[in-house]
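Trainee: My structure is stored as my_file.cif, with mmCIF, C-alpha atoms.
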```cif
data_coords
loop_
_atom_site.label_atom_id
_atom_site.label_comp_id
_atom_site.auth_asym_id
_atom_site.auth_seq_id
_atom_site.Cartn_x
_atom_site.Cartn_y
_atom_site.Cartn_z
CA MET A 1 -5.42 -6.17 -3.48
CA SER A 2 -3.12 -6.50 -0.55
CA SER A 3 -1.49 -9.85 0.13
CA LEU A 4 -0.29 -9.04 3.61
CA THR A 5 -1.40 -10.64 6.84
CA THR A 6 -0.33 -9.60 10.30
CA PHE A 7 1.31 -12.62 11.89
CA SER A 8 1.35 -12.98 15.64
CA ARG A 9 1.31 -15.57 18.39
CA ARG A 10 -1.37 -13.66 20.26
CA ALA A 11 -2.78 -16.72 21.98
CA PHE A 12 0.63 -17.38 23.52
CA LEU A 13 0.95 -13.78 24.73
CA VAL A 14 -2.06 -13.60 26.98
CA MET A 15 -0.70 -15.05 30.23
CA PRO A 16 2.92 -13.80 30.08
CA PHE A 17 1.86 -10.33 29.10
CA ALA A 18 -0.90 -10.19 31.69
CA LEU A 19 1.73 -10.81 34.36
CA ALA A 20 4.04 -8.21 32.86
CA ALA A 21 1.21 -5.69 32.89
CA CYS A 22 0.62 -6.31 36.59
CA TYR A 23 4.18 -5.63 37.60
CA ASN A 24 5.39 -3.16 35.00
CA ARG A 25 2.18 -1.16 34.48
CA THR A 26 2.50 -1.82 30.72
CA GLN A 27 -0.71 -1.71 28.72
CA VAL A 28 -1.24 -2.83 25.13
CA ILE A 29 -3.71 -0.66 23.26
CA GLU A 30 -5.45 -2.33 20.33
CA LEU A 31 -7.91 -0.47 18.11
CA VAL A 32 -9.63 -1.48 14.89
CA GLY A 33 -11.96 0.38 12.56
CA GLN A 34 -12.79 1.28 9.00
CA THR A 35 -11.28 3.92 6.74
CA MET A 36 -10.53 4.51 3.05
CA GLY A 37 -12.89 1.73 2.01
CA THR A 38 -11.00 -0.85 4.06
CA THR A 39 -10.09 -1.67 7.65
CA TYR A 40 -7.35 -0.46 9.96
CA LYS A 41 -5.67 -1.92 13.00
CA VAL A 42 -3.43 -0.19 15.53
CA VAL A 43 -1.45 -1.90 18.28
CA ALA A 44 0.56 0.30 20.63
CA VAL A 45 2.60 -0.57 23.73
CA ASP A 46 2.26 1.97 26.55
CA HIS A 47 5.03 1.01 28.96
CA LYS A 48 4.05 3.49 31.66
CA ASN A 49 0.28 3.06 31.36
CA ALA A 50 0.18 6.83 30.96
CA VAL A 51 -1.97 7.25 27.85
CA ASP A 52 -5.75 7.09 27.84
CA LYS A 53 -7.13 4.71 25.22
CA ALA A 54 -9.91 7.15 24.36
CA GLU A 55 -7.31 9.83 23.62
CA VAL A 56 -5.45 7.42 21.33
CA GLU A 57 -8.66 6.62 19.49
CA MET A 58 -9.46 10.32 19.09
CA ARG A 59 -5.98 11.08 17.68
CA ILE A 60 -6.24 8.18 15.24
CA SER A 61 -9.64 9.37 14.03
CA ALA A 62 -8.32 12.89 13.56
CA ALA A 63 -5.28 11.68 11.62
CA LEU A 64 -7.42 9.54 9.32
CA ALA A 65 -9.83 12.45 8.80
CA ASP A 66 -6.86 14.59 7.72
CA VAL A 67 -5.85 12.02 5.11
CA ASN A 68 -9.37 11.64 3.74
CA LYS A 69 -9.82 15.41 3.60
CA ALA A 70 -6.79 15.62 1.33
CA MET A 71 -6.96 12.40 -0.70
CA SER A 72 -10.44 10.86 -0.81
CA ASN A 73 -11.97 10.44 -4.26
CA TRP A 74 -15.33 9.77 -2.60
CA ASP A 75 -15.51 13.17 -0.91
CA ASP A 76 -16.36 15.90 -3.40
CA SER A 77 -14.89 18.51 -1.06
CA SER A 78 -11.48 16.82 -0.68
CA GLU A 79 -8.36 18.38 -2.15
CA ILE A 80 -7.90 15.68 -4.76
CA SER A 81 -11.56 15.85 -5.82
CA ARG A 82 -11.26 19.60 -6.35
CA ILE A 83 -8.13 19.07 -8.44
CA ASN A 84 -9.88 16.39 -10.49
CA ALA A 85 -12.80 18.78 -11.11
CA ALA A 86 -10.55 21.66 -12.19
CA PRO A 87 -10.14 22.55 -15.88
CA ALA A 88 -6.92 21.93 -17.78
CA GLY A 89 -4.35 24.65 -17.21
CA ALA A 90 -5.65 25.65 -13.77
CA ARG A 91 -2.87 25.51 -11.19
CA ALA A 92 -3.78 24.40 -7.68
CA ASP A 93 -1.88 24.86 -4.45
CA MET A 94 -1.67 21.62 -2.52
CA SER A 95 -1.40 21.11 1.22
CA GLN A 96 1.97 19.90 2.46
CA GLU A 97 0.48 16.43 3.00
CA LEU A 98 -0.99 16.08 -0.48
CA ALA A 99 2.13 17.54 -2.10
CA GLN A 100 4.26 14.94 -0.32
CA VAL A 101 2.13 12.10 -1.65
CA MET A 102 1.80 13.50 -5.18
CA ASN A 103 5.54 14.09 -5.50
CA ALA A 104 6.36 10.67 -4.07
CA ALA A 105 3.96 9.12 -6.59
CA ALA A 106 5.68 11.00 -9.41
CA ASP A 107 9.12 9.85 -8.20
CA VAL A 108 8.06 6.19 -8.08
CA ASN A 109 6.40 6.60 -11.49
CA ALA A 110 9.67 7.79 -12.99
CA ALA A 111 11.88 5.22 -11.25
CA SER A 112 9.55 2.33 -12.16
CA GLN A 113 9.47 3.31 -15.85
CA GLY A 114 5.85 4.41 -15.53
CA ARG A 115 4.51 1.22 -13.93
CA PHE A 116 3.17 3.02 -10.84
CA ASP A 117 0.66 5.58 -12.05
CA THR A 118 -2.07 7.43 -10.14
CA THR A 119 -3.84 8.52 -13.35
CA MET A 120 -4.88 5.02 -14.46
CA GLY A 121 -8.60 5.46 -13.82
CA PRO A 122 -9.68 5.27 -17.49
CA LEU A 123 -7.88 1.95 -18.02
CA ILE A 124 -9.10 0.49 -14.73
CA GLU A 125 -12.69 1.37 -15.62
CA LEU A 126 -12.26 0.06 -19.18
CA TRP A 127 -11.15 -3.35 -17.95
CA GLY A 128 -14.06 -3.55 -15.53
CA PHE A 129 -12.23 -3.13 -12.24
CA GLY A 130 -14.15 0.03 -11.36
CA ALA A 131 -17.73 0.14 -10.12
CA PRO A 132 -19.58 -1.15 -13.24
CA GLY A 133 -17.74 -4.49 -13.55
CA GLN A 134 -16.56 -6.25 -16.69
CA THR A 135 -18.96 -7.09 -19.51
CA ALA A 136 -16.68 -7.62 -22.54
CA LEU A 137 -13.00 -7.49 -23.40
CA PRO A 138 -12.06 -4.02 -24.66
CA SER A 139 -10.90 -3.43 -28.20
CA ASP A 140 -7.44 -2.22 -29.15
CA ALA A 141 -8.93 1.14 -30.09
CA ALA A 142 -10.65 1.50 -26.72
CA ILE A 143 -7.42 0.64 -24.92
CA ALA A 144 -5.48 3.23 -26.92
CA ALA A 145 -8.13 5.86 -26.17
CA ALA A 146 -7.98 5.11 -22.42
CA GLN A 147 -4.17 5.24 -22.48
CA ALA A 148 -4.32 8.68 -24.07
CA LYS A 149 -6.28 9.90 -21.03
CA SER A 150 -3.81 8.32 -18.59
CA GLY A 151 -0.17 8.77 -17.63
CA HIS A 152 1.67 11.22 -15.40
CA ALA A 153 3.77 12.49 -18.27
CA ASN A 154 0.88 13.63 -20.45
CA SER A 155 -1.72 14.59 -17.86
CA LEU A 156 -0.05 16.25 -14.84
CA LEU A 157 2.51 18.96 -14.18
CA LEU A 158 3.93 19.04 -10.64
CA THR A 159 6.06 21.87 -9.28
CA GLY A 160 6.70 21.64 -5.55
CA GLN A 161 3.33 22.22 -3.87
CA ASN A 162 1.57 23.16 -7.11
CA VAL A 163 -0.19 20.85 -9.55
CA GLU A 164 -1.68 21.48 -12.96
CA LYS A 165 -3.78 19.18 -15.09
CA THR A 166 -2.56 19.29 -18.66
CA ARG A 167 -5.59 17.35 -19.88
CA GLU A 168 -9.19 18.27 -19.14
CA ASP A 169 -10.14 14.65 -18.54
CA ALA A 170 -7.17 13.77 -16.28
CA GLN A 171 -8.15 12.18 -12.97
CA VAL A 172 -5.92 11.27 -10.04
CA TYR A 173 -6.62 8.30 -7.77
CA LEU A 174 -4.35 7.81 -4.77
CA ALA A 175 -5.56 4.40 -3.60
CA GLY A 176 -2.19 2.84 -4.42
CA ILE A 177 -0.25 5.15 -2.11
CA GLY A 178 -2.79 6.83 0.19
CA LYS A 179 -3.29 3.92 2.58
CA GLY A 180 0.44 3.74 3.18
CA TYR A 181 0.59 7.47 3.82
CA GLY A 182 -2.34 7.07 6.20
CA ALA A 183 -0.44 4.46 8.21
CA ASP A 184 2.54 6.82 8.44
CA HIS A 185 0.32 9.72 9.48
CA VAL A 186 -1.36 7.70 12.23
CA GLY A 187 2.09 6.65 13.42
CA ARG A 188 3.10 10.29 13.79
CA ALA A 189 -0.04 10.91 15.84
CA LEU A 190 0.92 8.06 18.18
CA GLU A 191 4.43 9.46 18.56
CA ASP A 192 2.95 12.83 19.51
CA LEU A 193 1.38 10.98 22.46
CA GLY A 194 4.75 9.58 23.48
CA LEU A 195 4.15 6.10 22.07
CA SER A 196 7.18 4.74 20.24
CA ASP A 197 6.36 1.01 20.10
CA TYR A 198 3.46 0.51 17.72
CA MET A 199 2.18 -1.05 14.52
CA VAL A 200 -0.33 0.68 12.24
CA GLU A 201 -1.92 -1.30 9.40
CA ILE A 202 -4.43 0.03 6.87
CA GLY A 203 -5.74 -2.39 4.28
CA GLY A 204 -2.57 -4.48 4.51
CA ASP A 205 -0.12 -1.58 4.27
CA LEU A 206 1.70 -0.93 7.52
CA TYR A 207 4.30 0.99 9.45
CA ALA A 208 5.89 -0.55 12.53
CA SER A 209 8.01 1.24 15.12
CA GLY A 210 10.02 -0.06 18.03
CA ARG A 211 9.10 -3.41 19.55
CA ASN A 212 6.00 -5.53 19.94
CA PRO A 213 4.67 -6.60 23.36
CA GLU A 214 7.16 -9.50 23.39
CA GLY A 215 10.06 -7.09 23.01
CA MET A 216 10.76 -8.21 19.44
CA ALA A 217 10.56 -6.44 16.11
CA TRP A 218 6.97 -6.65 14.86
CA GLN A 219 6.49 -10.07 13.24
CA ILE A 220 4.75 -9.72 9.88
CA GLY A 221 3.76 -12.68 7.74
CA ILE A 222 3.98 -12.76 3.94
CA GLU A 223 0.83 -14.44 2.72
CA SER A 224 0.86 -17.38 0.33
CA PRO A 225 -0.67 -16.31 -3.03
CA ASP A 226 -3.01 -19.30 -3.10
CA PRO A 227 -6.57 -17.89 -3.12
CA LEU A 228 -8.01 -21.20 -1.88
CA ALA A 229 -5.65 -21.82 1.02
CA ARG A 230 -4.51 -18.73 2.88
CA GLY A 231 -1.28 -19.28 4.71
CA VAL A 232 1.99 -17.62 5.70
CA MET A 233 5.04 -18.28 3.53
CA GLY A 234 7.49 -16.51 5.81
CA VAL A 235 7.82 -13.96 8.59
CA VAL A 236 9.69 -10.64 8.53
CA GLY A 237 10.69 -8.65 11.59
CA VAL A 238 9.78 -5.00 10.96
CA SER A 239 10.86 -2.02 13.07
CA GLY A 240 11.18 1.59 11.96
CA MET A 241 10.00 0.70 8.46
CA GLY A 242 6.94 0.39 6.27
CA LEU A 243 5.86 -2.86 4.61
CA ALA A 244 3.29 -3.50 1.90
CA SER A 245 2.38 -6.39 -0.37
CA SER A 246 0.50 -6.55 -3.66
CA GLY A 247 -0.93 -9.71 -5.22
CA ASP A 248 -2.74 -10.72 -8.39
CA TYR A 249 -4.84 -13.52 -6.94
CA ARG A 250 -7.88 -11.94 -5.27
CA ASN A 251 -9.18 -9.51 -7.88
CA TYR A 252 -9.43 -10.87 -11.40
CA PHE A 253 -11.87 -12.18 -13.95
CA GLU A 254 -11.77 -14.95 -16.54
CA ALA A 255 -12.85 -14.67 -20.17
CA ASP A 256 -12.35 -17.01 -23.12
CA GLY A 257 -10.37 -19.34 -20.88
CA GLN A 258 -7.90 -16.63 -19.89
CA ARG A 259 -7.31 -15.01 -16.51
CA PHE A 260 -7.18 -11.20 -16.37
CA SER A 261 -5.65 -9.56 -13.29
CA HIS A 262 -6.79 -6.20 -11.89
CA LEU A 263 -3.18 -5.01 -12.23
CA ILE A 264 -3.01 -2.98 -15.43
CA ASP A 265 0.36 -2.26 -17.02
CA PRO A 266 0.26 1.43 -18.05
CA VAL A 267 2.76 0.74 -20.85
CA THR A 268 0.60 -1.89 -22.58
CA GLY A 269 -2.80 -0.78 -21.30
CA ARG A 270 -3.54 -4.43 -20.49
CA PRO A 271 -3.51 -6.65 -17.40
CA VAL A 272 -0.11 -8.08 -16.55
CA ASP A 273 0.53 -11.56 -17.94
CA HIS A 274 3.76 -12.62 -16.23
CA ASN A 275 4.10 -15.34 -13.57
CA THR A 276 4.73 -13.08 -10.58
CA ALA A 277 1.92 -13.60 -8.07
CA SER A 278 2.95 -11.16 -5.33
CA ALA A 279 5.52 -8.54 -4.40
CA THR A 280 6.33 -7.43 -0.86
CA VAL A 281 8.35 -4.27 -0.26
CA LEU A 282 10.11 -2.87 2.80
CA ALA A 283 10.77 0.87 2.72
CA ASP A 284 11.56 3.82 4.98
CA ASN A 285 7.83 4.47 5.30
CA ALA A 286 4.54 2.80 4.46
CA MET A 287 3.77 5.34 1.71
CA LEU A 288 6.76 4.25 -0.38
CA ALA A 289 6.26 0.58 0.45
CA ASP A 290 2.65 0.89 -0.76
CA ALA A 291 3.58 2.49 -4.08
CA TRP A 292 6.60 0.31 -4.78
CA SER A 293 4.79 -2.96 -4.05
CA THR A 294 2.30 -2.10 -6.81
CA ALA A 295 5.06 -1.01 -9.18
CA MET A 296 7.08 -4.16 -8.55
CA LEU A 297 4.14 -6.48 -9.12
CA ILE A 298 3.30 -4.78 -12.41
CA LEU A 299 6.94 -4.93 -13.50
CA GLY A 300 7.16 -8.60 -12.60
CA ARG A 301 10.05 -10.36 -10.95
CA GLU A 302 12.56 -10.28 -13.81
CA ARG A 303 12.44 -6.56 -14.62
CA GLY A 304 11.46 -5.70 -11.06
CA LEU A 305 14.66 -7.15 -9.61
CA GLU A 306 16.74 -5.16 -12.10
CA ILE A 307 15.08 -1.90 -11.04
CA ALA A 308 15.20 -2.91 -7.36
CA GLU A 309 18.96 -3.36 -7.52
CA GLN A 310 19.37 -0.02 -9.33
CA HIS A 311 17.35 1.87 -6.69
CA HIS A 312 18.16 -0.29 -3.62
CA ILE A 313 14.54 -1.38 -3.18
CA ALA A 314 13.93 -4.18 -0.66
CA VAL A 315 11.50 -6.49 -2.48
CA HIS A 316 10.43 -10.11 -2.09
CA PHE A 317 8.75 -11.75 -5.11
CA VAL A 318 6.62 -14.88 -5.25
CA ASP A 319 6.36 -16.44 -8.71
CA ARG A 320 3.76 -18.99 -9.76
CA ASN A 321 5.06 -22.11 -11.53
CA ALA A 322 3.13 -23.94 -14.24
CA ASP A 323 2.45 -26.84 -11.87
CA GLY A 324 0.85 -24.55 -9.29
CA SER A 325 3.84 -24.42 -6.94
CA TYR A 326 5.57 -21.21 -5.94
CA VAL A 327 9.15 -19.96 -5.90
CA THR A 328 10.51 -16.88 -4.13
CA HIS A 329 13.15 -14.33 -5.12
CA GLN A 330 14.56 -11.41 -3.13
CA SER A 331 16.54 -8.30 -3.92
CA ALA A 332 19.83 -7.77 -2.10
CA ALA A 333 18.25 -5.04 0.02
CA PHE A 334 15.47 -7.34 1.19
CA ALA A 335 17.88 -10.18 1.96
CA SER A 336 19.99 -7.81 4.05
CA GLN A 337 16.93 -7.00 6.19
CA LEU A 338 16.62 -10.67 7.06
CA ALA A 339 20.30 -11.16 7.89
#
```
Hey, can you dump this file as structure tokens for me?

Mentor:
Amino acid sequence: MSSLTTFSRRAFLVMPFALAACYNRTQVIELVGQTMGTTYKVVAVDHKNAVDKAEVEMRISAALADVNKAMSNWDDSSEISRINAAPAGARADMSQELAQVMNAAADVNAASQGRFDTTMGPLIELWGFGAPGQTALPSDAAIAAAQAKSGHANSLLLTGQNVEKTREDAQVYLAGIGKGYGADHVGRALEDLGLSDYMVEIGGDLYASGRNPEGMAWQIGIESPDPLARGVMGVVGVSGMGLASSGDYRNYFEADGQRFSHLIDPVTGRPVDHNTASATVLADNAMLADAWSTAMLILGRERGLEIAEQHHIAVHFVDRNADGSYVTHQSAAFASQLA
């Protein structure tokens, strides 16, 4: 689940910006909708009032359709669905868009020591975080069997724009990186219209470019990981970057007095059990921020910070203390973004 909220002072913008619009012809285009099983929001600043809102909406819809055509697991005709249906050993040519996402996923998988993995479907289903829901805790044998069906290293072979399943039962799910790519792709569509000041958010993963209507970097709030009291722990100014957060506090179940998160560690085959409640990542694009936020949360703050420093990842962790309070930690790259 995403732990990101868009933070703004919209109520304080109405009058000043209305006056600016009168004199400077600036218009702010805001659009919301649904895609990829979640919601999206786009805010774009058109300084010359030269772009038709209907045209913006049409370009956004077309961009999102492109992403779903390549990456939707709910569309049997999508590229990824056809790859998932292919037999082991069959090589498939991927579109440039899908190849970019698949290769980025493989890179993050390797750099995160396997913690980000798009082939985790069998383990996710086993632990009840797929459609059926959880009925009983899985046995060690069932976990081992699901792990054998998962993992980039033993199920996929990527070569440029070609992919081959090395296991018949391998399945790829791009939910942990596809929304971020979608935000980037919508951003490119806006730039094609001449819009350079915009924010695109899909399911909490976002890319922000230029300045917001106040002339500032886009102000994004990091949500408190308290499921009973939503709030903002801090605000980050984002411009020319992607940002994504992952949290363990909205999708979990309890059994035998123990809390089981939806975040499955591919190495153990079990839900994570560390004290890290959320991880927020800034990256060059929303696709990488999306993937790395998941990887960092599964790694946990201690190991995550080590890998973040090795790979210059900008990450902000929130850890949960035993008394219910929270403490934050940042990598050097994230701290430098706030300086």

Trainee: Can you tell me which residues surround segment 266-274 of chain A at a distance of at most 7 Å, considering all atoms listed in the file, apart from same-chain residues fewer than 3 positions away, and format the answer as an mmCIF file with C-alpha atoms, in the frame of the given file?

Mentor:
```cif
data_model
loop_
_atom_site.group_PDB
_atom_site.id
_atom_site.type_symbol
_atom_site.label_atom_id
_atom_site.label_comp_id
_atom_site.auth_asym_id
_atom_site.auth_seq_id
_atom_site.Cartn_x
_atom_site.Cartn_y
_atom_site.Cartn_z
ATOM 1 C CA GLY A 114 5.850 4.410 -15.530
ATOM 2 C CA ARG A 115 4.510 1.220 -13.930
ATOM 3 C CA LEU A 123 -7.880 1.950 -18.020
ATOM 4 C CA ILE A 143 -7.420 0.640 -24.920
ATOM 5 C CA GLN A 147 -4.170 5.240 -22.480
ATOM 6 C CA PHE A 260 -7.180 -11.200 -16.370
ATOM 7 C CA SER A 261 -5.650 -9.560 -13.290
ATOM 8 C CA HIS A 262 -6.790 -6.200 -11.890
ATOM 9 C CA LEU A 263 -3.180 -5.010 -12.230
ATOM 10 C CA ILE A 298 3.300 -4.780 -12.410
ATOM 11 C CA GLY A 300 7.160 -8.600 -12.600
#
```

Trainee: Using all atoms listed in the file, find each residue in segment 140-162 of chain A having at least one atom no more than 10 Å away from segment 78-92 of chain A; report its shortest atom-to-atom pair and that distance in Å (one decimal), rows by chain then rising number, as JSON lines.

Mentor:
```
{"residue": "A:Ser155", "atom": "CA", "partner": "A:Ala88", "partner_atom": "CA", "distance": 9.0}
{"residue": "A:Leu156", "atom": "CA", "partner": "A:Ala88", "partner_atom": "CA", "distance": 9.4}
{"residue": "A:Leu157", "atom": "CA", "partner": "A:Arg91", "partner_atom": "CA", "distance": 9.0}
{"residue": "A:Leu158", "atom": "CA", "partner": "A:Arg91", "partner_atom": "CA", "distance": 9.4}
{"residue": "A:Thr159", "atom": "CA", "partner": "A:Arg91", "partner_atom": "CA", "distance": 9.8}
{"residue": "A:Gln161", "atom": "CA", "partner": "A:Ala92", "partner_atom": "CA", "distance": 8.4}
{"residue": "A:Asn162", "atom": "CA", "partner": "A:Ala92", "partner_atom": "CA", "distance": 5.5}
```

Trainee: Could you tell me how far atom CA of Ile264 of chain A sits from atom CA of Gly234 of chain A, in Å to one decimal place?

Mentor: 27.3 Å

Trainee: Would you please work out which residue, of A:Leu98, A:Met199, A:Val238, A:Val51, is nearest to Lys69 of chain A when using all atoms listed in the file?

Mentor: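 Between A:Leu98, A:Met199, A:Val238, A:Val51, the residue approaching Lys69 of chain A most closely is A:Leu98.
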
Trainee: Give me, as a PyMOL selection string, all polymer residues having an atom no more than 9 Å from Gly121 of chain A, counting all atoms listed in the file and skipping those fewer than 4 positions away in the same chain.

Mentor: chain A and resi 125-126+130+146+149-150+170-173

Trainee: Evaluate the PyMOL selection byres ((chain A and resi 200-205) around 8) and record the selected residues as JSON, numbers by chain, following the chain and residue labels used in the document.

Mentor: {"A": [2, 3, 4, 5, 35, 38, 39, 40, 41, 42, 43, 179, 180, 182, 183, 184, 186, 187, 198, 199, 206, 207, 208, 242, 243, 244, 245, 286, 289, 290]}

Trainee: With distances taken over all atoms listed in the file, which residue among A:Met94, A:Ala277, A:Val101, A:Leu299 lies nearest Gly176 of chain A?

Mentor: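 Closest to Gly176 of chain A of all the choices is A:Val101.
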
Trainee: Identify which of the residues A:Thr166, A:Gln330, A:Ser61, A:Ser239 lies closest to Ala153 of chain A, counting all atoms listed in the file when measuring atom-to-atom distances.

Mentor: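 Selected residue with least distance to Ala153 of chain A: A:Thr166.
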
Trainee: Could you check how far atom CA of Val163 of chain A sits from atom CA of Ser95 of chain A, in Å to one decimal?

Mentor: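 Going from atom CA of Val163 of chain A over to atom CA of Ser95 of chain A, I get 10.8 Å.
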
Trainee: How would you write, as a list of chain:residue names, the residues chosen by the PyMOL selection byres ((chain A and resi 27) around 7) on this structure?

Mentor: A:Ala21, A:Arg25, A:Thr26, A:Val28, A:Ile29, A:Val45, A:Asp46, A:His47, A:Asn49

Trainee: Name the residues captured by the PyMOL selection byres ((chain A and resi 109) around 12) when it is applied to the shown file; answer as a PyMOL selection string.

Mentor: chain A and resi 102-108+110-120+151-153+176-177+266-267+288+291-292+294-296+298-299

Trainee: Please report the interatomic distance between atom CA of Ala314 of chain A and atom CA of Arg188 of chain A in Å with one decimal.

Mentor: 23.1 Å

Trainee: Check the smallest atom-to-atom distance from each of A:His312, A:Leu137, A:Gly160, A:Ala142 to Glu97 of chain A using only C-alpha atoms, then report the winner.

Mentor: A:Gly160

Trainee: Find the residue from A:Ala144, A:Ala279, A:Val327, A:Met287 that sits nearest to Ala308 of chain A; use all atoms listed in the file when measuring.

Mentor: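 Looking at the shortest contact to Ala308 of chain A, the residue is A:Ala279.
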
Trainee: Just checking: using all atoms listed in the file, which residue out of A:Asn154, A:Asp52, A:Leu174, A:Trp127 ends up closest to Ala99 of chain A?

Mentor: A:Leu174

Trainee: Counting all atoms listed in the file, what is within 10 Å of Gly240 of chain A, bar same-chain residues fewer than 5 positions away, as a list in words?

Mentor: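 Contacts, with the query itself left out: Ser196, Asp197, Tyr198, Met199, Tyr207, Ala208, Ser209, Gly210, Arg211, Ala217, Trp218, Ala283, Asp284 and Asn285 of chain A.
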